[in-house]
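Visitor: Input protein.tsv, format and content: TSV, C-alpha atoms and all ligand atoms.
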chain	number	residue	atom	x	y	z
H	1	MET	CA	0.00	0.00	0.00
H	2	ASN	CA	1.57	3.26	-1.06
H	3	LEU	CA	-0.91	5.68	0.40
H	4	GLU	CA	0.65	8.90	1.60
H	5	THR	CA	1.31	8.65	5.31
H	6	SER	CA	0.10	12.21	5.72
H	7	ARG	CA	-3.39	11.03	4.80
H	8	TYR	CA	-3.51	8.78	7.84
H	9	ASN	CA	-4.79	9.88	11.20
H	10	ALA	CA	-2.15	10.90	13.73
H	11	LEU	CA	-1.61	8.07	16.23
H	12	SER	CA	-0.59	8.11	19.87
H	13	ALA	CA	2.38	6.06	21.00
H	14	GLU	CA	0.05	3.45	22.46
H	15	GLU	CA	-1.91	3.20	19.19
H	16	ARG	CA	1.30	2.93	17.19
H	17	SER	CA	2.55	0.09	19.39
H	18	VAL	CA	-0.43	-2.01	18.31
H	19	ILE	CA	-1.23	-0.78	14.80
H	20	GLU	CA	2.31	-0.36	13.51
H	21	SER	CA	4.36	-2.62	15.79
H	22	LYS	CA	1.78	-5.43	15.91
H	23	GLY	CA	1.39	-5.33	19.69
H	24	THR	CA	-1.62	-6.55	21.64
H	25	GLU	CA	-3.67	-4.55	24.10
H	26	ARG	CA	-4.36	-6.06	27.51
H	27	PRO	CA	-7.47	-8.30	27.57
H	28	PHE	CA	-10.70	-6.78	28.90
H	29	SER	CA	-9.14	-3.32	28.65
H	30	GLY	CA	-10.25	-2.07	25.26
H	31	GLU	CA	-13.13	0.35	24.80
H	32	TYR	CA	-15.06	-1.93	22.42
H	33	ASP	CA	-14.65	-5.22	24.27
H	34	ASP	CA	-18.01	-4.93	26.01
H	35	PHE	CA	-19.74	-2.60	23.57
H	36	TYR	CA	-22.72	-3.43	21.36
H	37	GLU	CA	-24.07	-0.28	19.76
H	38	GLU	CA	-25.20	-0.30	16.19
H	39	GLY	CA	-22.80	1.09	13.67
H	40	VAL	CA	-19.54	0.37	11.90
H	41	TYR	CA	-15.96	-0.08	13.04
H	42	LEU	CA	-13.34	1.81	11.04
H	43	CYS	CA	-9.59	1.45	10.88
H	44	ARG	CA	-8.19	3.89	13.42
H	45	ARG	CA	-5.36	4.80	11.09
H	46	CYS	CA	-7.03	5.17	7.68
H	47	ASN	CA	-10.83	5.24	8.39
H	48	ALA	CA	-11.58	2.26	6.11
H	49	GLU	CA	-14.78	0.47	7.18
H	50	LEU	CA	-13.83	-2.96	8.56
H	51	TYR	CA	-16.68	-4.50	10.54
H	52	ARG	CA	-20.36	-3.93	11.11
H	53	SER	CA	-21.89	-4.18	14.55
H	54	ASP	CA	-24.22	-6.97	13.47
H	55	ALA	CA	-21.18	-9.24	12.97
H	56	LYS	CA	-19.96	-8.58	16.54
H	57	PHE	CA	-20.48	-11.19	19.23
H	58	ASP	CA	-19.37	-11.78	22.80
H	59	ALA	CA	-16.59	-14.37	22.76
H	60	HIS	CA	-15.66	-13.73	26.42
H	61	CYS	CA	-12.03	-13.57	25.36
H	62	GLY	CA	-11.27	-10.00	26.37
H	63	TRP	CA	-11.15	-8.45	22.89
H	64	PRO	CA	-13.86	-7.45	20.42
H	65	ALA	CA	-14.90	-10.46	18.31
H	66	PHE	CA	-16.51	-10.42	14.86
H	67	GLU	CA	-17.68	-13.36	12.83
H	68	GLN	CA	-16.97	-11.66	9.54
H	69	GLU	CA	-15.44	-8.56	8.03
H	70	ILE	CA	-17.00	-6.26	5.48
H	71	PRO	CA	-15.96	-8.12	2.32
H	72	GLY	CA	-12.56	-7.15	0.98
H	73	THR	CA	-11.53	-4.94	3.88
H	74	VAL	CA	-9.29	-7.29	5.87
H	75	THR	CA	-6.12	-9.09	4.77
H	76	ARG	CA	-5.10	-12.40	6.33
H	77	LEU	CA	-1.44	-13.40	6.58
H	78	PRO	CA	0.57	-16.00	8.49
H	79	ASP	CA	1.73	-14.75	11.88
H	80	PRO	CA	5.48	-14.96	12.50
H	81	ASP	CA	4.66	-17.38	15.35
H	82	GLY	CA	3.94	-19.96	12.64
H	83	VAL	CA	0.59	-20.89	14.19
H	84	ARG	CA	-1.86	-18.04	14.10
H	85	THR	CA	-3.24	-15.99	11.22
H	86	GLU	CA	-2.73	-12.26	11.52
H	87	ILE	CA	-5.29	-9.81	10.16
H	88	GLU	CA	-4.60	-6.31	8.98
H	89	CYS	CA	-6.49	-3.48	7.35
H	90	ALA	CA	-6.50	-4.18	3.61
H	91	ASN	CA	-6.29	-0.46	2.90
H	92	CYS	CA	-3.37	0.69	5.04
H	93	GLY	CA	-1.84	-2.52	6.41
H	94	GLY	CA	-2.49	-1.51	10.01
H	95	HIS	CA	-2.41	-4.45	12.42
H	96	LEU	CA	-5.84	-5.49	13.71
H	97	GLY	CA	-5.33	-8.78	15.55
H	98	HIS	CA	-5.81	-12.43	14.59
H	99	VAL	CA	-8.47	-14.60	13.04
H	100	PHE	CA	-9.38	-18.02	14.43
H	101	ILE	CA	-11.39	-20.69	12.64
H	102	GLY	CA	-12.95	-23.87	13.96
H	103	GLU	CA	-13.84	-22.75	17.47
H	104	ARG	CA	-17.54	-23.36	16.81
H	105	LEU	CA	-18.57	-20.17	18.59
H	106	THR	CA	-20.99	-18.99	15.90
H	107	ALA	CA	-22.52	-20.39	12.74
H	108	ALA	CA	-19.80	-18.67	10.70
H	109	ASP	CA	-17.24	-20.57	12.82
H	110	THR	CA	-14.82	-17.67	12.49
H	111	ARG	CA	-13.61	-15.20	15.12
H	112	HIS	CA	-11.82	-12.02	14.21
H	113	CYS	CA	-10.11	-11.10	17.47
H	114	VAL	CA	-9.43	-7.41	17.06
H	115	ASN	CA	-7.69	-4.87	19.27
H	116	SER	CA	-10.11	-2.10	20.23
H	117	ILE	CA	-7.29	0.38	19.78
H	118	SER	CA	-6.94	-0.58	16.11
H	119	MET	CA	-10.47	0.60	15.44
H	120	LYS	CA	-12.81	3.53	15.84
H	121	PHE	CA	-16.53	3.06	16.20
H	122	ALA	CA	-18.81	5.16	14.07
H	123	ARG	CA	-22.52	5.43	13.72
H	124	PRO	CA	-23.62	5.29	10.14
H	125	THR	CA	-21.15	6.62	7.70
H	126	ALA	CA	-21.66	9.87	5.84
H	127	GLY	CA	-23.32	8.14	2.90
H	128	GLY	CA	-25.93	6.43	5.04
H	129	GLN	CA	-24.92	3.27	3.26
H	130	TYR	CA	-24.87	1.17	6.38
H	131	TYR	CA	-28.48	1.83	7.33
H	132	CYS	CA	-29.58	1.69	3.72
H	133	ASP	CA	-28.09	-1.82	3.54
H	134	LYS	CA	-29.79	-2.77	6.80
H	135	GLY	CA	-33.09	-1.63	5.35
H	136	TRP	CA	-32.52	-3.75	2.28
H	137	GLU	CA	-31.80	-6.82	4.43
H	138	HIS	CA	-35.15	-6.39	6.18
H	139	PHE	CA	-36.94	-5.66	2.91
H	140	ASN	CA	-35.68	-8.91	1.45
H	141	VAL	CA	-37.20	-10.96	4.24
H	142	GLY	CA	-40.52	-9.11	4.05
H	143	GLN	CA	-40.04	-6.92	7.17
H	144	TYR	CA	-41.15	-3.75	5.43
H	145	GLU	CA	-41.84	-1.66	8.52
H	146	LYS	CA	-38.38	-2.32	9.89
H	147	ALA	CA	-36.94	-1.59	6.47
H	148	ILE	CA	-38.71	1.78	6.42
H	149	GLY	CA	-37.24	2.53	9.86
H	150	PHE	CA	-33.70	1.90	8.64
H	151	TYR	CA	-34.19	3.80	5.40
H	152	SER	CA	-35.52	6.73	7.40
H	153	ILE	CA	-32.39	6.75	9.55
H	154	ALA	CA	-30.25	6.47	6.44
H	155	ILE	CA	-32.03	9.41	4.81
H	156	GLU	CA	-31.55	11.50	7.95
H	157	HIS	CA	-27.83	10.77	7.95
H	158	ILE	CA	-27.28	11.40	4.31
H	159	LYS	CA	-25.79	14.54	2.94
H	160	LYS	CA	-26.00	14.68	-0.82
H	161	GLY	CA	-24.59	11.56	-2.37
H	162	PRO	CA	-25.25	8.62	-4.62
H	163	TRP	CA	-27.00	6.74	-1.84
H	164	GLU	CA	-29.67	9.29	-1.19
H	165	GLY	CA	-31.82	8.57	-4.23
H	166	GLN	CA	-31.48	4.85	-3.67
H	167	CYS	CA	-32.61	5.16	-0.04
H	168	TYR	CA	-35.68	7.13	-1.05
H	169	HIS	CA	-36.42	4.66	-3.80
H	170	ARG	CA	-36.07	1.69	-1.48
H	171	ARG	CA	-38.15	3.28	1.28
H	172	ALA	CA	-40.80	4.02	-1.33
H	173	TRP	CA	-40.80	0.42	-2.41
H	174	SER	CA	-41.25	-0.67	1.22
H	175	TYR	CA	-44.23	1.69	1.57
H	176	ALA	CA	-45.65	0.25	-1.62
H	177	LYS	CA	-45.36	-3.27	-0.21
H	178	LEU	CA	-47.43	-2.08	2.76
H	179	LYS	CA	-49.90	-0.58	0.26
H	180	GLN	CA	-49.13	2.93	1.52
H	181	HIS	CA	-48.95	4.20	-2.02
H	182	GLN	CA	-49.32	7.91	-1.32
H	183	GLN	CA	-46.22	7.86	0.85
H	184	ALA	CA	-44.47	5.67	-1.67
H	185	ILE	CA	-45.16	8.16	-4.45
H	186	GLN	CA	-43.71	11.01	-2.37
H	187	ASP	CA	-40.50	9.04	-1.93
H	188	TYR	CA	-40.36	8.06	-5.59
H	189	ASP	CA	-40.75	11.76	-6.40
H	190	HIS	CA	-37.72	12.48	-4.21
H	191	ALA	CA	-35.67	9.72	-5.81
H	192	ILE	CA	-36.56	10.93	-9.30
H	193	GLY	CA	-35.87	14.54	-8.31
H	194	LEU	CA	-32.35	13.48	-7.33
H	195	ASP	CA	-31.85	11.35	-10.43
H	196	PRO	CA	-34.16	12.19	-13.33
H	197	GLU	CA	-32.90	9.11	-15.21
H	198	TYR	CA	-33.85	6.62	-12.50
H	199	ASP	CA	-35.80	4.21	-14.73
H	200	LEU	CA	-36.60	1.76	-11.93
H	201	ALA	CA	-38.10	4.54	-9.81
H	202	TYR	CA	-40.38	5.61	-12.68
H	203	SER	CA	-41.57	2.07	-13.21
H	204	HIS	CA	-42.22	1.53	-9.51
H	205	ARG	CA	-43.97	4.88	-9.17
H	206	GLY	CA	-46.13	3.77	-12.07
H	207	GLN	CA	-47.11	0.66	-10.15
H	208	SER	CA	-48.13	2.75	-7.15
H	209	HIS	CA	-50.21	5.05	-9.35
H	210	ALA	CA	-51.78	1.98	-10.92
H	211	ALA	CA	-52.56	0.55	-7.47
H	212	LEU	CA	-54.40	3.82	-6.71
H	213	GLY	CA	-56.32	3.49	-9.97
H	214	GLU	CA	-54.41	6.41	-11.51
H	215	HIS	CA	-53.66	4.63	-14.75
H	216	GLN	CA	-53.01	7.69	-16.91
H	217	GLN	CA	-50.25	8.79	-14.55
H	218	ALA	CA	-48.98	5.22	-14.34
H	219	ILE	CA	-48.73	5.07	-18.13
H	220	GLN	CA	-46.74	8.32	-18.19
H	221	ASP	CA	-44.28	6.79	-15.73
H	222	TYR	CA	-43.96	3.59	-17.70
H	223	ASP	CA	-43.43	5.66	-20.87
H	224	GLN	CA	-40.60	7.43	-19.10
H	225	ALA	CA	-39.07	4.19	-17.83
H	226	ILE	CA	-39.24	2.68	-21.30
H	227	SER	CA	-37.73	5.75	-22.97
H	228	LEU	CA	-34.80	5.47	-20.52
H	229	ASP	CA	-34.48	1.73	-21.05
H	230	PRO	CA	-36.17	0.40	-24.19
H	231	ASP	CA	-35.47	-3.18	-23.04
H	232	TYR	CA	-37.31	-2.74	-19.76
H	233	GLU	CA	-39.56	-5.76	-20.15
H	234	LEU	CA	-41.48	-5.37	-16.88
H	235	ALA	CA	-42.36	-1.77	-17.69
H	236	TYR	CA	-44.07	-3.00	-20.90
H	237	SER	CA	-45.97	-5.63	-18.93
H	238	HIS	CA	-47.13	-3.09	-16.37
H	239	ARG	CA	-48.02	-0.48	-18.97
H	240	GLY	CA	-50.08	-3.13	-20.69
H	241	GLN	CA	-51.94	-3.80	-17.46
H	242	SER	CA	-52.74	-0.11	-17.08
H	243	TYR	CA	-53.99	0.08	-20.68
H	244	ALA	CA	-56.08	-3.01	-20.02
H	245	ALA	CA	-57.51	-1.40	-16.89
H	246	LEU	CA	-58.55	1.54	-19.07
H	247	GLY	CA	-60.24	-0.90	-21.45
H	248	GLU	CA	-57.63	-0.38	-24.19
H	249	HIS	CA	-56.99	-4.05	-24.77
H	250	GLN	CA	-55.47	-3.75	-28.23
H	251	ARG	CA	-52.94	-1.26	-26.92
H	252	ALA	CA	-52.29	-3.54	-23.95
H	253	ILE	CA	-51.65	-6.49	-26.25
H	254	GLN	CA	-49.01	-4.48	-28.15
H	255	ASP	CA	-47.17	-3.99	-24.86
H	256	TYR	CA	-47.45	-7.65	-23.92
H	257	ASP	CA	-46.16	-8.58	-27.39
H	258	GLN	CA	-43.13	-6.41	-26.72
H	259	ALA	CA	-42.59	-7.92	-23.28
H	260	VAL	CA	-42.77	-11.44	-24.75
H	261	LEU	CA	-40.30	-10.42	-27.42
H	262	LEU	CA	-37.84	-9.26	-24.74
H	263	ASP	CA	-38.26	-12.31	-22.53
H	264	ALA	CA	-40.07	-15.29	-23.98
H	265	ASP	CA	-39.55	-17.31	-20.80
H	266	ASN	CA	-41.48	-15.09	-18.40
H	267	GLU	CA	-45.06	-16.16	-17.85
H	268	LEU	CA	-46.36	-12.75	-16.77
H	269	PRO	CA	-46.90	-11.16	-20.19
H	270	TYR	CA	-48.54	-14.35	-21.48
H	271	VAL	CA	-51.01	-14.37	-18.59
H	272	ASN	CA	-51.81	-10.72	-19.15
H	273	ARG	CA	-52.12	-11.08	-22.90
H	274	ALA	CA	-54.40	-14.07	-22.41
H	275	LEU	CA	-56.67	-11.98	-20.20
H	276	ALA	CA	-56.68	-9.15	-22.74
H	277	TYR	CA	-57.62	-11.54	-25.57
H	278	TYR	CA	-60.26	-12.97	-23.32
H	279	ASP	CA	-61.71	-9.52	-22.69
H	280	LEU	CA	-61.76	-8.95	-26.45
H	281	GLY	CA	-63.76	-12.17	-26.84
H	282	GLN	CA	-60.87	-13.93	-28.62
H	283	HIS	CA	-61.03	-17.10	-26.60
H	284	GLN	CA	-58.86	-19.26	-28.82
H	285	ARG	CA	-56.02	-16.74	-28.65
H	286	ALA	CA	-56.51	-16.50	-24.91
H	287	ILE	CA	-56.27	-20.28	-24.60
H	288	GLN	CA	-53.05	-20.30	-26.63
H	289	ASP	CA	-51.53	-17.83	-24.21
H	290	PHE	CA	-52.72	-19.77	-21.19
H	291	ASP	CA	-51.15	-22.87	-22.78
H	292	GLN	CA	-47.90	-20.97	-23.07
H	293	THR	CA	-48.17	-19.74	-19.48
H	294	ILE	CA	-48.70	-23.27	-18.23
H	295	ARG	CA	-45.79	-24.56	-20.28
H	296	ILE	CA	-43.54	-22.03	-18.53
H	297	ASN	CA	-45.02	-22.46	-15.08
H	298	PRO	CA	-47.11	-25.59	-14.57
H	299	TYR	CA	-47.94	-24.63	-10.98
H	300	LEU	CA	-50.09	-21.58	-11.66
H	301	SER	CA	-53.50	-22.66	-10.50
H	302	GLU	CA	-54.98	-19.36	-11.75
H	303	ALA	CA	-53.86	-20.11	-15.29
H	304	TYR	CA	-55.72	-23.45	-15.28
H	305	ASN	CA	-58.78	-21.83	-13.76
H	306	ASN	CA	-58.80	-19.03	-16.31
H	307	ARG	CA	-58.22	-21.37	-19.23
H	308	GLY	CA	-61.12	-23.39	-17.87
H	309	ILE	CA	-63.29	-20.28	-18.02
H	310	ALA	CA	-62.31	-19.72	-21.65
H	311	TYR	CA	-63.19	-23.35	-22.52
H	312	SER	CA	-66.47	-22.99	-20.63
H	313	ASP	CA	-67.31	-19.95	-22.73
H	314	LEU	CA	-66.66	-21.97	-25.85
H	315	GLY	CA	-69.09	-24.62	-24.57
H	316	GLN	CA	-66.27	-27.15	-24.06
H	317	HIS	CA	-67.34	-28.07	-20.55
H	318	GLN	CA	-65.51	-31.39	-20.26
H	319	ARG	CA	-62.27	-29.71	-21.24
H	320	ALA	CA	-63.00	-26.88	-18.81
H	321	ILE	CA	-63.61	-29.35	-15.97
H	322	GLN	CA	-60.18	-30.90	-16.58
H	323	ASP	CA	-58.66	-27.47	-16.04
H	324	TYR	CA	-60.69	-26.77	-12.90
H	325	ASP	CA	-59.68	-30.21	-11.58
H	326	HIS	CA	-56.07	-29.27	-12.11
H	327	ALA	CA	-56.46	-25.87	-10.49
H	328	ILE	CA	-58.04	-27.50	-7.44
H	329	LYS	CA	-55.34	-30.14	-7.30
H	330	LEU	CA	-52.75	-27.37	-7.14
H	331	ASN	CA	-54.75	-25.31	-4.67
H	332	PRO	CA	-57.35	-27.32	-2.70
H	333	ASN	CA	-58.74	-24.10	-1.19
H	334	TYR	CA	-59.45	-22.50	-4.55
H	335	SER	CA	-63.09	-21.57	-4.01
H	336	CYS	CA	-63.40	-19.89	-7.37
H	337	ALA	CA	-62.33	-23.04	-9.22
H	338	TYR	CA	-64.90	-25.11	-7.31
H	339	TYR	CA	-67.54	-22.59	-8.23
H	340	ASN	CA	-66.57	-22.60	-11.89
H	341	ARG	CA	-66.49	-26.38	-12.00
H	342	GLY	CA	-69.91	-26.39	-10.40
H	343	MET	CA	-71.18	-24.11	-13.17
H	344	ALA	CA	-69.68	-26.43	-15.79
H	345	TYR	CA	-71.45	-29.43	-14.20
H	346	ILE	CA	-74.72	-27.50	-14.34
H	347	ASP	CA	-74.22	-27.04	-18.07
H	348	LEU	CA	-73.61	-30.79	-18.35
H	349	ARG	CA	-76.77	-31.42	-16.28
H	350	GLN	CA	-74.76	-33.19	-13.55
H	351	LEU	CA	-76.56	-31.40	-10.79
H	352	GLU	CA	-75.38	-33.40	-7.81
H	353	ARG	CA	-71.76	-32.76	-8.62
H	354	ALA	CA	-72.60	-29.13	-9.27
H	355	ILE	CA	-74.17	-28.79	-5.84
H	356	GLN	CA	-71.17	-30.44	-4.19
H	357	ASP	CA	-68.84	-27.97	-5.83
H	358	CYS	CA	-70.94	-24.95	-5.00
H	359	ASP	CA	-71.19	-26.09	-1.37
H	360	GLN	CA	-67.45	-26.44	-1.27
H	361	ALA	CA	-66.95	-22.98	-2.81
H	362	ILE	CA	-69.27	-21.36	-0.29
H	363	LYS	CA	-67.69	-23.25	2.62
H	364	LEU	CA	-64.23	-22.04	1.64
H	365	ARG	CA	-65.35	-18.50	1.18
H	366	ARG	CA	-67.01	-18.43	4.57
H	367	ARG	CA	-63.77	-19.20	6.28
H	368	PRO	CA	-63.08	-16.22	8.56
H	369	GLY	CA	-60.49	-13.83	7.31
H	370	ARG	CA	-60.26	-15.43	3.93
H	371	GLN	CA	-60.27	-13.01	1.03
H	372	VAL	CA	-62.44	-13.86	-1.91
H	373	GLU	CA	-60.27	-13.88	-4.98
H	374	THR	CA	-62.79	-12.37	-7.31
H	375	GLY	CA	-60.03	-10.82	-9.37
H	376	LEU	CA	-59.02	-14.25	-10.54
H	377	CYS	CA	-62.47	-15.01	-11.78
H	378	ARG	CA	-62.45	-12.03	-14.11
H	379	SER	CA	-65.36	-10.11	-15.44
H	380	LEU	CA	-67.32	-13.01	-16.82
H	381	LEU	CA	-67.87	-14.51	-13.43
H	382	GLN	CA	-68.52	-11.41	-11.46
H	383	GLY	CA	-72.24	-11.61	-12.02
H	384	GLN	CA	-72.34	-15.21	-10.87
H	385	LEU	CA	-70.06	-14.51	-7.95
H	386	SER	CA	-72.19	-11.70	-6.65
H	387	LYS	CA	-75.07	-14.19	-6.58
H	388	ALA	CA	-72.90	-16.45	-4.44
H	389	ASP	CA	-72.09	-13.48	-2.21
H	390	VAL	CA	-75.79	-13.00	-1.59
H	391	ASP	CA	-75.95	-16.63	-0.47
H	392	GLU	CA	-73.24	-15.95	2.05
H	393	ASP	CA	-75.08	-13.15	3.82
G	401	ZN	ZN	-6.39	1.09	7.71
In structure tokens, how does this file's structure come out?
Ligand SMILES: [Zn+2]
Guide:
Amino acid sequence: MNLETSRYNALSAEERSVIESKGTERPFSGEYDDFYEEGVYLCRRCNAELYRSDAKFDAHCGWPAFEQEIPGTVTRLPDPDGVRTEIECANCGGHLGHVFIGERLTAADTRHCVNSISMKFARPTAGGQYYCDKGWEHFNVGQYEKAIGFYSIAIEHIKKGPWEGQCYHRRAWSYAKLKQHQQAIQDYDHAIGLDPEYDLAYSHRGQSHAALGEHQQAIQDYDQAISLDPDYELAYSHRGQSYAALGEHQRAIQDYDQAVLLDADNELPYVNRALAYYDLGQHQRAIQDFDQTIRINPYLSEAYNNRGIAYSDLGQHQRAIQDYDHAIKLNPNYSCAYYNRGMAYIDLRQLERAIQDCDQAIKLRRRPGRQVETGLCRSLLQGQLSKADVDED
């Protein structure tokens, strides 16, 4: 490392004896030995980030212990004693301590035994990156409220910087997951204000507008996302859904065509295109797209159910029943599929089986707290479903 020494922090004699002369502080004496606040540990000499507090654990050994470093920040090298492995700051070569493996103290089975004096503790760094990353970790396991908390801290700590827009965008996305779309849109606005070419933020803002029924605004956002990235397949799919919601099925199909062109192995545009063809009364085309959907993902019970509806419309009740059977096999609580199969049995004059299915559908839909998935049944069935709703009351 040939960094200018003048760029390093000035060190006391005691700090130099450890960091530069590879000494060891007395056990149970360091300021971070019994210290568990949330933040990051930096190299005392060069300020490089080395460890995060969530990797710290109590090894009862007298020195701070971490089960892992921030990737790429710590160098391992054989200790002159021929036994241990020394660790040093990868940026400036300052001595940190030793790393031990195989002690079975944590799942990572690794203990970085670090001198407190080699480090400085800091609450989130200037970029807010630490808390932004924490938010992302929570987001990825579905803990959206916690994620929002961390993003909020990150945003508070941020001065201007590349992380700011990303934090707003990610907090927005967490709000959207909680269906708090107004708040989400405010954050997307911020993210886009900071980076007017943030294609992902446009597309996500579009989804929040769509969720609020604001399809014209959604379409504007998708337009923007697509103009920034003409290969943005999902933006086409979503724009198509907004056009479909406005009843512009032909326009929607154009978008789905484009999405299929960009990624022929994704079932989403096929499903959507099938529904659009269905709404246009083009049942055969709809069935083709459901076929394609099922080829890509044979576990989509909705696709079988919806294809069944299309076959029912064409008067092919036996074929429809096969699809409903399959949908129910995949999802035994699929009330809508029972109901549809019941309707098909009525058309085949098999009334006992029809009654069984309708009973089953009603039983499932009466289960407390269970949402009726009317959306899956699409417009055709809504009339029939509302009749069933009357039965429930
Ligand atoms: Zn360093």
Visitor: Counting only C-alpha atoms and all ligand atoms, what residues are within 10 Å of ligand ZN 401 (chain G), given as a ChimeraX atom specification?
Guide: /H:8-9,19,42-50,73-74,88-96,118-119
Visitor: Grab the CA of Gly308 (chain H) to CA of His215 (chain H) distance for me, in Å with one decimal place.
Guide: 29.2 Å
Visitor: Give as a list in words every residue, naming chains and numbers as the document does, that has an atom within 10 Å of (-59.0, -13.0, -26.4), counting all atoms listed in the file.
Guide: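 Here is the list of nearby residues: His249, Ile253, Arg273, Ala274, Leu275, Ala276, Tyr277, Tyr278, Asp279, Leu280, Gly281, Gln282, His283, Gln284, Arg285, Ala286, Ile287, Gln288, Asp289 and Ala310 of chain H.
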Visitor: Can you build me a table of region 34-153 of chain H residues sitting at most 9 Å from region 166-189 of chain H, with the closest atom pair per residue and its distance in Å to one decimal, using all atoms listed in the file, sorted by chain and residue number, as CSV?
Guide:
residue,atom,partner,partner_atom,distance
H:Gly128,CA,H:Cys167,CA,8.5
H:Gln129,CA,H:Cys167,CA,8.6
H:Cys132,CA,H:Cys167,CA,5.9
H:Gly135,CA,H:Arg171,CA,8.1
H:Trp136,CA,H:Arg170,CA,7.5
H:Phe139,CA,H:Ser174,CA,6.8
H:Gly142,CA,H:Lys177,CA,8.7
H:Gln143,CA,H:Ser174,CA,8.7
H:Tyr144,CA,H:Ser174,CA,5.2
H:Glu145,CA,H:Ser174,CA,7.4
H:Ala147,CA,H:Ser174,CA,6.9
H:Ile148,CA,H:Arg171,CA,5.4
H:Gly149,CA,H:Arg171,CA,8.7
H:Phe150,CA,H:Arg171,CA,8.7
H:Tyr151,CA,H:Arg171,CA,5.7
H:Ser152,CA,H:Arg171,CA,7.5
Visitor: Would you mind telling me which residue in H:Asn340, H:Asn115, H:Ser312, H:Gln217 lies nearest to Pro27 (chain H) when using only C-alpha atoms?
Guide: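 So, comparing all the options, the nearest one is H:Asn115.
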Visitor: Could you jot down the CA of Arg205 (chain H) to CA of Asp221 (chain H) separation for me, Å, one decimal place?
Guide: 6.8 Å
Visitor: How many Å separate CA of Asp229 (chain H) from CA of Asp255 (chain H)?
Guide: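 Answer for the CA of Asp229 (chain H) to CA of Asp255 (chain H) separation: 14.4 Å.
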Visitor: Hey, which of H:Phe57, H:Tyr299, H:Tyr270, H:Phe121 ends up closest to Thr106 (chain H)? Count only C-alpha atoms.
Guide: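 Residue with the minimum atom-to-atom distance to Thr106 (chain H): H:Phe57.
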Visitor: Generate N, CA and C atoms for region 329-341 of chain H and emit them as a PDB file, keeping the file's coordinate frame.
Guide:
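The resulting rebuild30.pdb:
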ATOM      1  N   LYS H 329     -56.411 -29.266  -7.752  1.00  0.00           N
ATOM      2  CA  LYS H 329     -55.340 -30.140  -7.300  1.00  0.00           C
ATOM      3  C   LYS H 329     -54.141 -29.308  -6.809  1.00  0.00           C
ATOM      4  N   LEU H 330     -53.865 -28.235  -7.535  1.00  0.00           N
ATOM      5  CA  LEU H 330     -52.750 -27.370  -7.140  1.00  0.00           C
ATOM      6  C   LEU H 330     -53.082 -26.529  -5.919  1.00  0.00           C
ATOM      7  N   ASN H 331     -54.342 -26.156  -5.800  1.00  0.00           N
ATOM      8  CA  ASN H 331     -54.750 -25.310  -4.670  1.00  0.00           C
ATOM      9  C   ASN H 331     -56.111 -25.780  -4.152  1.00  0.00           C
ATOM     10  N   PRO H 332     -56.091 -26.704  -3.181  1.00  0.00           N
ATOM     11  CA  PRO H 332     -57.350 -27.320  -2.700  1.00  0.00           C
ATOM     12  C   PRO H 332     -58.292 -26.318  -2.022  1.00  0.00           C
ATOM     13  N   ASN H 333     -57.846 -25.097  -1.787  1.00  0.00           N
ATOM     14  CA  ASN H 333     -58.740 -24.100  -1.190  1.00  0.00           C
ATOM     15  C   ASN H 333     -59.234 -23.076  -2.204  1.00  0.00           C
ATOM     16  N   TYR H 334     -59.175 -23.446  -3.475  1.00  0.00           N
ATOM     17  CA  TYR H 334     -59.450 -22.500  -4.550  1.00  0.00           C
ATOM     18  C   TYR H 334     -60.966 -22.417  -4.774  1.00  0.00           C
ATOM     19  N   SER H 335     -61.624 -21.599  -3.978  1.00  0.00           N
ATOM     20  CA  SER H 335     -63.090 -21.570  -4.010  1.00  0.00           C
ATOM     21  C   SER H 335     -63.627 -21.243  -5.396  1.00  0.00           C
ATOM     22  N   CYS H 336     -62.951 -20.318  -6.045  1.00  0.00           N
ATOM     23  CA  CYS H 336     -63.400 -19.890  -7.370  1.00  0.00           C
ATOM     24  C   CYS H 336     -63.417 -21.058  -8.367  1.00  0.00           C
ATOM     25  N   ALA H 337     -62.398 -21.896  -8.302  1.00  0.00           N
ATOM     26  CA  ALA H 337     -62.330 -23.040  -9.220  1.00  0.00           C
ATOM     27  C   ALA H 337     -63.441 -24.041  -8.928  1.00  0.00           C
ATOM     28  N   TYR H 338     -63.760 -24.248  -7.643  1.00  0.00           N
ATOM     29  CA  TYR H 338     -64.900 -25.110  -7.310  1.00  0.00           C
ATOM     30  C   TYR H 338     -66.185 -24.544  -7.905  1.00  0.00           C
ATOM     31  N   TYR H 339     -66.330 -23.237  -7.725  1.00  0.00           N
ATOM     32  CA  TYR H 339     -67.540 -22.590  -8.230  1.00  0.00           C
ATOM     33  C   TYR H 339     -67.666 -22.749  -9.739  1.00  0.00           C
ATOM     34  N   ASN H 340     -66.549 -22.492 -10.430  1.00  0.00           N
ATOM     35  CA  ASN H 340     -66.570 -22.600 -11.890  1.00  0.00           C
ATOM     36  C   ASN H 340     -66.852 -24.027 -12.343  1.00  0.00           C
ATOM     37  N   ARG H 341     -66.253 -24.973 -11.630  1.00  0.00           N
ATOM     38  CA  ARG H 341     -66.490 -26.380 -12.000  1.00  0.00           C
ATOM     39  C   ARG H 341     -67.958 -26.719 -11.763  1.00  0.00           C
TER      40      ARG H 341
END
